[in-house]
Amino acid sequence: MTKEFEKLIREIGDCKSKLDEDRLIEKQIIILKKFTKKKKIKPKQQSELVLRLLFCQLLGHDVSFAHILAINSSQESNLFYKFIGYLAASIFISTNEDLQLLMINSIQKDLKSDKTLAISIALTTITKIITVDMIPAVLSNVLILLKHQEPLIRKKALAVMYTFLKQSPESILKYQKDFELMLDDKDISVTGVALDLFLFISKKKPKTIKHLVVSFVEILNLIISGKLPLEYDYREIHAPWIQIKLLKILSYLGQDDPNTSREIYQVVQLVLKQSEIGFINGVFAGHAIMHECIKTITKLYPSTKLLELASIAAGRFVTSYSNNLKYLGITALTDLVLVYPEATNKHQIIIVDCLEDSDETLKRRTIELLFRITNKSNISFIVEKMLSYLKTQKDKKYKTSLVSRILKLAEEHGTNIKWYILTINKILQIFGDLVTHDIVYNIMKLISEGSLLEDEEDEEDEEDEEDEENGKKGSQKTKYGGNTALKIFSVDIYSEIISLKRPYPNILYQISLWVVGEYSYLCSNFTTEETMINIVDLINAFYISDESRAMAITALTKMVSHSGKYLEQIDTIIQKYSTSRNTDIRQRCFEMKGILKLPNIIDKILPLDSINADIEIDPNLGFLNEFVENSLKNGCKKYISKEERIKMENELQLGMNENKKKSKELRFEAYQPNNTQQSSTWRIPQQNIYEQEINKNQITNTIELEDSISLKVSGISQRWTENGYSGFKENEPKNIENQTEKMEEKDTSDDLNQYNNLGDNNNNNNDDDDDDDDDNNDNLNNNNLNNQNFNHKNEKILEVKSFRFNRIGSKGPMLEEGQKTNEKILNNDNNNNTTTGQQKPPKTEEELKREKTVNALFNGAGSVRTSRKKSKSQRINFNSKHITKNTIEKNLEKTENLINLGSEKN
Amino acid sequence: MIRYILVQNRQGKTRLSRWYFPCSDEEKNKLLSDFYKLVNVRDPKLANFIEYRTYKIVYRRYAGLFFGMCVDTTDNELAALESIHLFVESLDAYFGNVCELDIVFHFWKCYALMDEMFLTGEIQETSKKIVLKRMSDLDRLN
């Protein structure tokens, strides 16, 4: 090593920051680059350079430009330079695959060398750089070297074979006989390497080497009897690493094999006994062997005697002063209890104490062990310990898995259902956000059915006493199963939780609300009124989520219906949350309101303790038949399925498209001024895409449409002639139409379509009209809910029209007339919400036809849009200012009550 | 099987590293920094084993240096711990009261010694005497 290099190392050592270090190395690399460009470098200088390269590489710099130097160096005849070259190559090689091929030649040459050192260096290098493709190139040479006279070469050759075996087991296993010979090698270190190979084989194919068990046992006996050279003793223990390798092999061979196991028992026992002698403070070699013995005994076919010895040995580990040994003891016991459950009996306290150790590694192992040794007698103690451990944890992922495992444990081994419920509540209180919803479902099921742990009822004498106190109820099984005492117990607990008004996790409140809602009539520590007030308070609390709030409202509904008691506060709640932003809450409020209005059937809607009752579901909605028939008789429209509506839509779009062509002429009127004050800032681009899609479909759809569609379009085509629009009849409010610029050029259907798509047209003109569009869609959605209510569509149209008039603000008399019509119809709408024809002033035939088209249009267009803008429709539902309040409520009550009451029961 | 052997000082500078499985440079850097983070903070009283990913890291501190080994979970941790000790003993015997600077200046000799003891990810030579003889053979070449 030159002084220059030494200086560099020293300077690097003195560097105070990574930056200084990098600067030095970069300088060095520039120098190295200059050298690599020289054609002739002296071997000595070259090896020096290689060392410097190695140094730079180890400091994390890229020196791939000079890897070739290492290879050159490895081809030198001087063994030292060769050694440096190979060493560097074996470190560089993982980053540069091309080097391997360049290395092969020199390696092959060196394997045939007559110098032991050269062979040894080459063999060492092979183990590091070998890939599957390279094996055939050197295999034959290595096989010869297995019989080399020097133990060093035999050992390294065997190590190379081990590398081959790991890379390509199939091609190497045929040399197994050669390896077996190596087991009897004079040199124990060669045997040691041979054991590596057999350990590998014993894991993959134990059956192929069962006949060698005798040899392995023999070697082990040889070692423990101290017949090896002294230099293999480590702290007075004979070749501990080789003993461990042998024990490992034997454990794999004896696994699930009683006969082989019997051959092994004796030697394992001997080794175990001997390992105890080697216990010296601070030296773990003896412990290592003992630990391996325990592992082996666990794997072998069970022998009671050995298992007992193993559990005693494991006890020594667990009770040890050292954390290392404790850790291993816990690990050993974790495996041991699976075959020998008695193993932990004596050490339970110590094990649990390990949970309070400051070592995280130890604690995690302990938790694993505790999961295995939990049984019915210690469950409550262990779960308690686990929970206190859990509180100290920070890793959320680990916590989550632990919580679910603890819950599972409680479910498996819990003997007392009340304990189970209390424990789960405790867990939920602290770790509610980590618990999945299955557990909530489980506990609800448990309370309602009481089935999970019922076989333990004998133990629950106290419960029986309670039952008696509660009169006959307790001993009876309720109609749908379940244990009434349990229900009383749980409803008491949960109403208590609600009354505490603490910011517990929502999941706990949700269970509580459900239980209280279902069984409030059984509650013994609170009156129904008290609980109701508590729930009302809870609903108003800031710390519960909307989901819980919605459940609370339902719980209230149930309580009112069960008890027949009603509080004024509930009115306030309904009033407050009927306008909630959360649709679920709003819906439940309306449900509640609706149900409370029906005192006669209230107990049928929400019967007592009916959670387990089977609810018959009529998928054809047969009970509605009568209603439908009556409606049809009264002149309602027949229901048109979605597919049909889409077809209609297509046809109408087709008509519209034709008109579009004509409307492409230049427009000379000014665009409408932007008068609207809409706050919405987002707009929906789908409309255009949607139209394009429709256009694409038109050609294909037209033919079938002509046959299949029942929509009356005759009126439309009559009105539209080649000369253009034929005009309205005098009775119609045609002046309204004339006011809107576009209308003049279009036929009625298009005209109406335009109302339908009003927002889109406006979009073309000004960007702020999106909400108009929303409201429009909204109307459509609502209309789809109820076929009868077409009125507000007309109302809407007229409103839109008058809206336009306002904006244009000219031609006064026409405007007034338009508004008058508008008002008239509006009044009609407010008075009656039934079909259109009756209430409105007499209309001409034309107008009626137009109306029908409108309806059809709204039907079709609405349904398609709904599907496209589902998320939007929710928001819209209640925002529309144009729909009368009556209509909303009627719609909601009719549809939601019918649909959702059923689902609530489920 | 040993996955890798590391020697780091307390500042996190890696002095030696040997990898017995294919591994990219980025991965190596990650493993090195993880090793430092895990080992450096541990109290000396704690166990010398850390569960890391699907492996175990067995480490031992000698003065300002951490010697670490990453082994499979089925491996015997104590045996690994003792092999680290054997390695340090051998270094000590070779350099004569080894210190960090010896390892820095003679890093390639350390690698050679490591190669004598550990090959293919297993401990291959447990006799200190033989290892030292081999090292002196190499020295004689120079």
# chains A, B, ... in the order shown; residues from 1 in each chain; ligands from 1
>>> residues_around(residues="A:Asp133", least_positions_apart="5", cutoff="12 Å", atoms="only C-alpha atoms", output="VMD selection string")
chain A and resid 100 to 101 104 138 to 139 164 167 to 168
>>> residues_around(residues="B:Asp102", least_positions_apart="4", cutoff="12 Å", atoms="only C-alpha atoms", output="list in words")
Glu6, Ile9 and Arg10 of chain A; Arg15, Leu16, Leu91, Asp92, Tyr94, Phe95, Gly96, Asn97, Val98, His106, Phe107, Trp108, Lys109 and Cys110 of chain B
>>> closest_residue(among="A:Asn78, A:Gln575, A:Ser388, A:Gln176", to="chain B", atoms="only C-alpha atoms")
A:Asn78
>>> closest_residue(among="B:Phe67, B:Phe35, B:Phe105, B:Tyr62", to="B:Ile5", atoms="only C-alpha atoms")
B:Phe67
>>> select_by_dssp(residues="chain B", states="helix (DSSP H, G or I)", output="number ranges by chain")
B: 25-40, 77-95, 100-105, 107-117, 128-141
>>> write_last_selection(atoms="C-alpha atoms", output="PDB file, in the first residue's frame")
ATOM      1  CA  ASP B  25     -27.309  -1.009  -4.933  1.00  0.00           C
ATOM      2  CA  GLU B  26     -30.456   0.864  -3.909  1.00  0.00           C
ATOM      3  CA  GLU B  27     -31.625  -2.099  -1.886  1.00  0.00           C
ATOM      4  CA  LYS B  28     -28.242  -2.321  -0.225  1.00  0.00           C
ATOM      5  CA  ASN B  29     -28.354   1.324   0.757  1.00  0.00           C
ATOM      6  CA  LYS B  30     -31.812   0.823   2.198  1.00  0.00           C
ATOM      7  CA  LEU B  31     -30.719  -2.186   4.216  1.00  0.00           C
ATOM      8  CA  LEU B  32     -27.649  -0.344   5.465  1.00  0.00           C
ATOM      9  CA  SER B  33     -29.603   2.658   6.661  1.00  0.00           C
ATOM     10  CA  ASP B  34     -32.280   0.435   8.202  1.00  0.00           C
ATOM     11  CA  PHE B  35     -29.626  -1.505  10.046  1.00  0.00           C
ATOM     12  CA  TYR B  36     -28.216   1.693  11.461  1.00  0.00           C
ATOM     13  CA  LYS B  37     -31.611   2.992  12.511  1.00  0.00           C
ATOM     14  CA  LEU B  38     -32.561  -0.262  14.200  1.00  0.00           C
ATOM     15  CA  VAL B  39     -29.341  -1.047  15.952  1.00  0.00           C
ATOM     16  CA  ASN B  40     -28.072   2.345  17.012  1.00  0.00           C
ATOM     17  CA  GLU B  77     -29.754 -16.740  16.673  1.00  0.00           C
ATOM     18  CA  LEU B  78     -27.308 -17.568  19.409  1.00  0.00           C
ATOM     19  CA  ALA B  79     -25.098 -19.482  17.024  1.00  0.00           C
ATOM     20  CA  ALA B  80     -25.062 -16.437  14.759  1.00  0.00           C
ATOM     21  CA  LEU B  81     -24.244 -14.223  17.701  1.00  0.00           C
ATOM     22  CA  GLU B  82     -21.382 -16.485  18.663  1.00  0.00           C
ATOM     23  CA  SER B  83     -20.076 -16.567  15.107  1.00  0.00           C
ATOM     24  CA  ILE B  84     -19.928 -12.777  15.160  1.00  0.00           C
ATOM     25  CA  HIS B  85     -17.907 -13.078  18.293  1.00  0.00           C
ATOM     26  CA  LEU B  86     -15.631 -15.643  16.701  1.00  0.00           C
ATOM     27  CA  PHE B  87     -15.099 -13.298  13.758  1.00  0.00           C
ATOM     28  CA  VAL B  88     -14.156 -10.441  16.061  1.00  0.00           C
ATOM     29  CA  GLU B  89     -11.871 -12.687  18.046  1.00  0.00           C
ATOM     30  CA  SER B  90     -10.142 -13.733  14.834  1.00  0.00           C
ATOM     31  CA  LEU B  91      -9.738 -10.107  13.737  1.00  0.00           C
ATOM     32  CA  ASP B  92      -8.374  -9.319  17.133  1.00  0.00           C
ATOM     33  CA  ALA B  93      -5.898 -12.149  16.979  1.00  0.00           C
ATOM     34  CA  TYR B  94      -4.836 -11.221  13.458  1.00  0.00           C
ATOM     35  CA  PHE B  95      -4.357  -7.478  13.975  1.00  0.00           C
ATOM     36  CA  GLU B 100     -11.687   0.589  13.914  1.00  0.00           C
ATOM     37  CA  LEU B 101      -8.676   2.044  12.113  1.00  0.00           C
ATOM     38  CA  ASP B 102      -7.267  -1.409  11.444  1.00  0.00           C
ATOM     39  CA  ILE B 103     -10.462  -2.286   9.693  1.00  0.00           C
ATOM     40  CA  VAL B 104     -10.454   0.988   7.749  1.00  0.00           C
ATOM     41  CA  PHE B 105      -6.885   0.676   6.515  1.00  0.00           C
ATOM     42  CA  PHE B 107     -10.394  -3.440   4.724  1.00  0.00           C
ATOM     43  CA  TRP B 108      -9.337  -5.913   2.045  1.00  0.00           C
ATOM     44  CA  LYS B 109      -7.663  -8.104   4.636  1.00  0.00           C
ATOM     45  CA  CYS B 110     -10.840  -8.077   6.654  1.00  0.00           C
ATOM     46  CA  TYR B 111     -12.717  -9.228   3.601  1.00  0.00           C
ATOM     47  CA  ALA B 112     -10.210 -11.979   3.094  1.00  0.00           C
ATOM     48  CA  LEU B 113     -10.643 -13.078   6.686  1.00  0.00           C
ATOM     49  CA  MET B 114     -14.379 -12.958   6.349  1.00  0.00           C
ATOM     50  CA  ASP B 115     -14.152 -15.110   3.251  1.00  0.00           C
ATOM     51  CA  GLU B 116     -12.157 -17.677   5.155  1.00  0.00           C
ATOM     52  CA  MET B 117     -14.810 -17.970   7.835  1.00  0.00           C
ATOM     53  CA  LYS B 128      -9.362 -19.694  14.640  1.00  0.00           C
ATOM     54  CA  LYS B 129      -6.019 -21.382  14.192  1.00  0.00           C
ATOM     55  CA  ILE B 130      -6.698 -22.409  10.606  1.00  0.00           C
ATOM     56  CA  VAL B 131      -8.113 -19.015   9.702  1.00  0.00           C
ATOM     57  CA  LEU B 132      -5.065 -17.248  11.050  1.00  0.00           C
ATOM     58  CA  LYS B 133      -2.749 -19.626   9.215  1.00  0.00           C
ATOM     59  CA  ARG B 134      -4.521 -18.854   5.971  1.00  0.00           C
ATOM     60  CA  MET B 135      -4.219 -15.140   6.601  1.00  0.00           C
ATOM     61  CA  SER B 136      -0.525 -15.372   7.256  1.00  0.00           C
ATOM     62  CA  ASP B 137      -0.166 -17.355   4.007  1.00  0.00           C
ATOM     63  CA  LEU B 138      -1.763 -14.446   2.168  1.00  0.00           C
ATOM     64  CA  ASP B 139       0.418 -11.942   3.897  1.00  0.00           C
ATOM     65  CA  ARG B 140       3.481 -13.859   2.913  1.00  0.00           C
ATOM     66  CA  LEU B 141       2.562 -13.427  -0.743  1.00  0.00           C
TER      67      LEU B 141
END
>>> residues_around(residues="B:Pro44", least_positions_apart="6", cutoff="12 Å", atoms="only C-alpha atoms", output="count of residues only")
11
>>> atom_distance(atom1="atom CA of A:Ser202", atom2="atom CA of A:Ser251")
9.1 Å
>>> residues_around(residues="B:Ser127", least_positions_apart="4", cutoff="8 Å", atoms="only C-alpha atoms", output="number ranges by chain")
A: 231-233; B: 131
>>> write_last_selection(atoms="N, CA, C and O atoms", output="mmCIF file, in the first residue's frame")
data_model
loop_
_atom_site.group_PDB
_atom_site.id
_atom_site.type_symbol
_atom_site.label_atom_id
_atom_site.label_comp_id
_atom_site.auth_asym_id
_atom_site.auth_seq_id
_atom_site.Cartn_x
_atom_site.Cartn_y
_atom_site.Cartn_z
ATOM 1 N N GLU A 231 -8.666 -27.467 18.422
ATOM 2 C CA GLU A 231 -8.871 -26.152 17.807
ATOM 3 C C GLU A 231 -10.322 -25.903 17.409
ATOM 4 O O GLU A 231 -10.710 -24.775 17.145
ATOM 5 N N TYR A 232 -11.123 -26.970 17.366
ATOM 6 C CA TYR A 232 -12.539 -26.774 17.016
ATOM 7 C C TYR A 232 -13.404 -26.541 18.244
ATOM 8 O O TYR A 232 -14.610 -26.339 18.126
ATOM 9 N N ASP A 233 -12.793 -26.589 19.392
ATOM 10 C CA ASP A 233 -13.538 -26.243 20.599
ATOM 11 C C ASP A 233 -13.714 -24.741 20.644
ATOM 12 O O ASP A 233 -12.800 -23.983 20.317
ATOM 13 N N VAL B 131 -7.846 -20.305 10.346
ATOM 14 C CA VAL B 131 -8.113 -19.015 9.702
ATOM 15 C C VAL B 131 -6.865 -18.143 9.753
ATOM 16 O O VAL B 131 -6.466 -17.549 8.738
#
>>> closest_residue(among="B:Tyr4, B:Lys56, B:Gly12, B:Lys45", to="chain A", atoms="only C-alpha atoms")
B:Lys45
>>> select_by_dssp(residues="stretch 148-295 of chain A", states="strand (DSSP E or B)", output="JSON, numbers by chain")
{"A": [233, 234, 237, 238, 255, 280, 283]}
>>> closest_residue(among="A:Leu158, A:Ala288, A:Leu624, A:Ile223", to="chain B", atoms="only C-alpha atoms")
A:Ala288
>>> decode(residues="stretch 17-51 of chain B", atoms="N, CA, C and O atoms", output="PDB file, in the first residue's frame")
ATOM      1  N   SER B  17     -19.071  -4.735   4.382  1.00  0.00           N
ATOM      2  CA  SER B  17     -20.380  -5.306   4.064  1.00  0.00           C
ATOM      3  C   SER B  17     -20.202  -6.448   3.075  1.00  0.00           C
ATOM      4  O   SER B  17     -19.480  -6.319   2.099  1.00  0.00           O
ATOM      5  N   ARG B  18     -20.801  -7.555   3.395  1.00  0.00           N
ATOM      6  CA  ARG B  18     -20.732  -8.717   2.513  1.00  0.00           C
ATOM      7  C   ARG B  18     -22.156  -9.193   2.259  1.00  0.00           C
ATOM      8  O   ARG B  18     -22.947  -9.349   3.193  1.00  0.00           O
ATOM      9  N   TRP B  19     -22.465  -9.420   1.012  1.00  0.00           N
ATOM     10  CA  TRP B  19     -23.839  -9.798   0.669  1.00  0.00           C
ATOM     11  C   TRP B  19     -23.842 -11.207   0.121  1.00  0.00           C
ATOM     12  O   TRP B  19     -23.102 -11.518  -0.800  1.00  0.00           O
ATOM     13  N   TYR B  20     -24.700 -12.038   0.677  1.00  0.00           N
ATOM     14  CA  TYR B  20     -24.745 -13.422   0.219  1.00  0.00           C
ATOM     15  C   TYR B  20     -26.022 -13.719  -0.574  1.00  0.00           C
ATOM     16  O   TYR B  20     -26.413 -14.860  -0.707  1.00  0.00           O
ATOM     17  N   PHE B  21     -26.649 -12.666  -1.026  1.00  0.00           N
ATOM     18  CA  PHE B  21     -27.793 -12.866  -1.924  1.00  0.00           C
ATOM     19  C   PHE B  21     -27.790 -11.721  -2.930  1.00  0.00           C
ATOM     20  O   PHE B  21     -27.260 -10.648  -2.647  1.00  0.00           O
ATOM     21  N   PRO B  22     -28.318 -11.960  -4.133  1.00  0.00           N
ATOM     22  CA  PRO B  22     -28.295 -10.901  -5.146  1.00  0.00           C
ATOM     23  C   PRO B  22     -29.132  -9.711  -4.683  1.00  0.00           C
ATOM     24  O   PRO B  22     -30.236  -9.887  -4.166  1.00  0.00           O
ATOM     25  N   CYS B  23     -28.602  -8.532  -4.894  1.00  0.00           N
ATOM     26  CA  CYS B  23     -29.239  -7.363  -4.293  1.00  0.00           C
ATOM     27  C   CYS B  23     -28.747  -6.114  -5.012  1.00  0.00           C
ATOM     28  O   CYS B  23     -27.544  -5.963  -5.256  1.00  0.00           O
ATOM     29  N   SER B  24     -29.654  -5.233  -5.369  1.00  0.00           N
ATOM     30  CA  SER B  24     -29.258  -4.029  -6.112  1.00  0.00           C
ATOM     31  C   SER B  24     -28.636  -3.004  -5.170  1.00  0.00           C
ATOM     32  O   SER B  24     -28.771  -3.102  -3.954  1.00  0.00           O
ATOM     33  N   ASP B  25     -27.983  -2.012  -5.755  1.00  0.00           N
ATOM     34  CA  ASP B  25     -27.309  -1.009  -4.933  1.00  0.00           C
ATOM     35  C   ASP B  25     -28.304  -0.221  -4.079  1.00  0.00           C
ATOM     36  O   ASP B  25     -28.028   0.089  -2.925  1.00  0.00           O
ATOM     37  N   GLU B  26     -29.465   0.084  -4.664  1.00  0.00           N
ATOM     38  CA  GLU B  26     -30.456   0.864  -3.909  1.00  0.00           C
ATOM     39  C   GLU B  26     -30.917   0.068  -2.694  1.00  0.00           C
ATOM     40  O   GLU B  26     -31.051   0.581  -1.589  1.00  0.00           O
ATOM     41  N   GLU B  27     -31.173  -1.219  -2.964  1.00  0.00           N
ATOM     42  CA  GLU B  27     -31.625  -2.099  -1.886  1.00  0.00           C
ATOM     43  C   GLU B  27     -30.569  -2.168  -0.783  1.00  0.00           C
ATOM     44  O   GLU B  27     -30.885  -2.118   0.410  1.00  0.00           O
ATOM     45  N   LYS B  28     -29.328  -2.252  -1.204  1.00  0.00           N
ATOM     46  CA  LYS B  28     -28.242  -2.321  -0.225  1.00  0.00           C
ATOM     47  C   LYS B  28     -28.244  -1.064   0.647  1.00  0.00           C
ATOM     48  O   LYS B  28     -28.130  -1.151   1.877  1.00  0.00           O
ATOM     49  N   ASN B  29     -28.354   0.074  -0.008  1.00  0.00           N
ATOM     50  CA  ASN B  29     -28.354   1.324   0.757  1.00  0.00           C
ATOM     51  C   ASN B  29     -29.493   1.361   1.757  1.00  0.00           C
ATOM     52  O   ASN B  29     -29.343   1.818   2.887  1.00  0.00           O
ATOM     53  N   LYS B  30     -30.641   0.855   1.307  1.00  0.00           N
ATOM     54  CA  LYS B  30     -31.812   0.823   2.198  1.00  0.00           C
ATOM     55  C   LYS B  30     -31.533  -0.066   3.406  1.00  0.00           C
ATOM     56  O   LYS B  30     -31.808   0.310   4.554  1.00  0.00           O
ATOM     57  N   LEU B  31     -30.991  -1.242   3.134  1.00  0.00           N
ATOM     58  CA  LEU B  31     -30.719  -2.186   4.216  1.00  0.00           C
ATOM     59  C   LEU B  31     -29.686  -1.615   5.187  1.00  0.00           C
ATOM     60  O   LEU B  31     -29.810  -1.775   6.403  1.00  0.00           O
ATOM     61  N   LEU B  32     -28.690  -0.930   4.615  1.00  0.00           N
ATOM     62  CA  LEU B  32     -27.649  -0.344   5.465  1.00  0.00           C
ATOM     63  C   LEU B  32     -28.241   0.716   6.390  1.00  0.00           C
ATOM     64  O   LEU B  32     -27.974   0.727   7.596  1.00  0.00           O
ATOM     65  N   SER B  33     -29.063   1.580   5.817  1.00  0.00           N
ATOM     66  CA  SER B  33     -29.603   2.658   6.661  1.00  0.00           C
ATOM     67  C   SER B  33     -30.606   2.092   7.658  1.00  0.00           C
ATOM     68  O   SER B  33     -30.691   2.549   8.801  1.00  0.00           O
ATOM     69  N   ASP B  34     -31.347   1.065   7.259  1.00  0.00           N
ATOM     70  CA  ASP B  34     -32.280   0.435   8.202  1.00  0.00           C
ATOM     71  C   ASP B  34     -31.521  -0.205   9.359  1.00  0.00           C
ATOM     72  O   ASP B  34     -31.942  -0.108  10.518  1.00  0.00           O
ATOM     73  N   PHE B  35     -30.425  -0.857   9.012  1.00  0.00           N
ATOM     74  CA  PHE B  35     -29.626  -1.505  10.046  1.00  0.00           C
ATOM     75  C   PHE B  35     -29.173  -0.471  11.071  1.00  0.00           C
ATOM     76  O   PHE B  35     -29.289  -0.669  12.281  1.00  0.00           O
ATOM     77  N   TYR B  36     -28.692   0.642  10.564  1.00  0.00           N
ATOM     78  CA  TYR B  36     -28.216   1.693  11.461  1.00  0.00           C
ATOM     79  C   TYR B  36     -29.339   2.197  12.359  1.00  0.00           C
ATOM     80  O   TYR B  36     -29.180   2.312  13.580  1.00  0.00           O
ATOM     81  N   LYS B  37     -30.483   2.456  11.735  1.00  0.00           N
ATOM     82  CA  LYS B  37     -31.611   2.992  12.511  1.00  0.00           C
ATOM     83  C   LYS B  37     -32.060   2.023  13.597  1.00  0.00           C
ATOM     84  O   LYS B  37     -32.401   2.419  14.711  1.00  0.00           O
ATOM     85  N   LEU B  38     -32.070   0.738  13.247  1.00  0.00           N
ATOM     86  CA  LEU B  38     -32.561  -0.262  14.200  1.00  0.00           C
ATOM     87  C   LEU B  38     -31.585  -0.477  15.350  1.00  0.00           C
ATOM     88  O   LEU B  38     -31.975  -0.551  16.511  1.00  0.00           O
ATOM     89  N   VAL B  39     -30.321  -0.591  14.980  1.00  0.00           N
ATOM     90  CA  VAL B  39     -29.341  -1.047  15.952  1.00  0.00           C
ATOM     91  C   VAL B  39     -28.867   0.082  16.857  1.00  0.00           C
ATOM     92  O   VAL B  39     -28.686  -0.095  18.051  1.00  0.00           O
ATOM     93  N   ASN B  40     -28.701   1.256  16.279  1.00  0.00           N
ATOM     94  CA  ASN B  40     -28.072   2.345  17.012  1.00  0.00           C
ATOM     95  C   ASN B  40     -28.875   2.790  18.228  1.00  0.00           C
ATOM     96  O   ASN B  40     -28.325   3.263  19.213  1.00  0.00           O
ATOM     97  N   VAL B  41     -30.181   2.648  18.145  1.00  0.00           N
ATOM     98  CA  VAL B  41     -31.017   3.175  19.227  1.00  0.00           C
ATOM     99  C   VAL B  41     -31.221   2.188  20.358  1.00  0.00           C
ATOM    100  O   VAL B  41     -31.790   2.528  21.388  1.00  0.00           O
ATOM    101  N   ARG B  42     -30.763   0.971  20.163  1.00  0.00           N
ATOM    102  CA  ARG B  42     -31.112  -0.051  21.157  1.00  0.00           C
ATOM    103  C   ARG B  42     -30.231   0.018  22.401  1.00  0.00           C
ATOM    104  O   ARG B  42     -29.029   0.222  22.327  1.00  0.00           O
ATOM    105  N   ASP B  43     -30.912  -0.186  23.499  1.00  0.00           N
ATOM    106  CA  ASP B  43     -30.225  -0.206  24.785  1.00  0.00           C
ATOM    107  C   ASP B  43     -29.376  -1.478  24.867  1.00  0.00           C
ATOM    108  O   ASP B  43     -29.787  -2.530  24.409  1.00  0.00           O
ATOM    109  N   PRO B  44     -28.174  -1.382  25.453  1.00  0.00           N
ATOM    110  CA  PRO B  44     -27.315  -2.577  25.510  1.00  0.00           C
ATOM    111  C   PRO B  44     -27.922  -3.737  26.297  1.00  0.00           C
ATOM    112  O   PRO B  44     -27.540  -4.878  26.094  1.00  0.00           O
ATOM    113  N   LYS B  45     -28.889  -3.416  27.171  1.00  0.00           N
ATOM    114  CA  LYS B  45     -29.488  -4.495  27.957  1.00  0.00           C
ATOM    115  C   LYS B  45     -30.445  -5.355  27.127  1.00  0.00           C
ATOM    116  O   LYS B  45     -30.746  -6.473  27.483  1.00  0.00           O
ATOM    117  N   LEU B  46     -30.917  -4.778  26.064  1.00  0.00           N
ATOM    118  CA  LEU B  46     -31.947  -5.479  25.286  1.00  0.00           C
ATOM    119  C   LEU B  46     -31.349  -6.677  24.554  1.00  0.00           C
ATOM    120  O   LEU B  46     -30.133  -6.818  24.434  1.00  0.00           O
ATOM    121  N   ALA B  47     -32.253  -7.497  24.042  1.00  0.00           N
ATOM    122  CA  ALA B  47     -31.804  -8.670  23.304  1.00  0.00           C
ATOM    123  C   ALA B  47     -31.014  -8.231  22.074  1.00  0.00           C
ATOM    124  O   ALA B  47     -31.229  -7.144  21.539  1.00  0.00           O
ATOM    125  N   ASN B  48     -30.106  -9.096  21.634  1.00  0.00           N
ATOM    126  CA  ASN B  48     -29.291  -8.767  20.461  1.00  0.00           C
ATOM    127  C   ASN B  48     -29.964  -9.191  19.153  1.00  0.00           C
ATOM    128  O   ASN B  48     -29.309  -9.304  18.131  1.00  0.00           O
ATOM    129  N   PHE B  49     -31.230  -9.446  19.224  1.00  0.00           N
ATOM    130  CA  PHE B  49     -31.934  -9.880  18.014  1.00  0.00           C
ATOM    131  C   PHE B  49     -33.035  -8.889  17.680  1.00  0.00           C
ATOM    132  O   PHE B  49     -33.725  -8.393  18.545  1.00  0.00           O
ATOM    133  N   ILE B  50     -33.179  -8.634  16.383  1.00  0.00           N
ATOM    134  CA  ILE B  50     -34.270  -7.774  15.934  1.00  0.00           C
ATOM    135  C   ILE B  50     -34.961  -8.496  14.789  1.00  0.00           C
ATOM    136  O   ILE B  50     -34.301  -8.982  13.877  1.00  0.00           O
ATOM    137  N   GLU B  51     -36.272  -8.520  14.869  1.00  0.00           N
ATOM    138  CA  GLU B  51     -36.990  -9.093  13.728  1.00  0.00           C
ATOM    139  C   GLU B  51     -37.122  -8.023  12.674  1.00  0.00           C
ATOM    140  O   GLU B  51     -37.619  -6.931  12.930  1.00  0.00           O
TER     141      GLU B  51
END
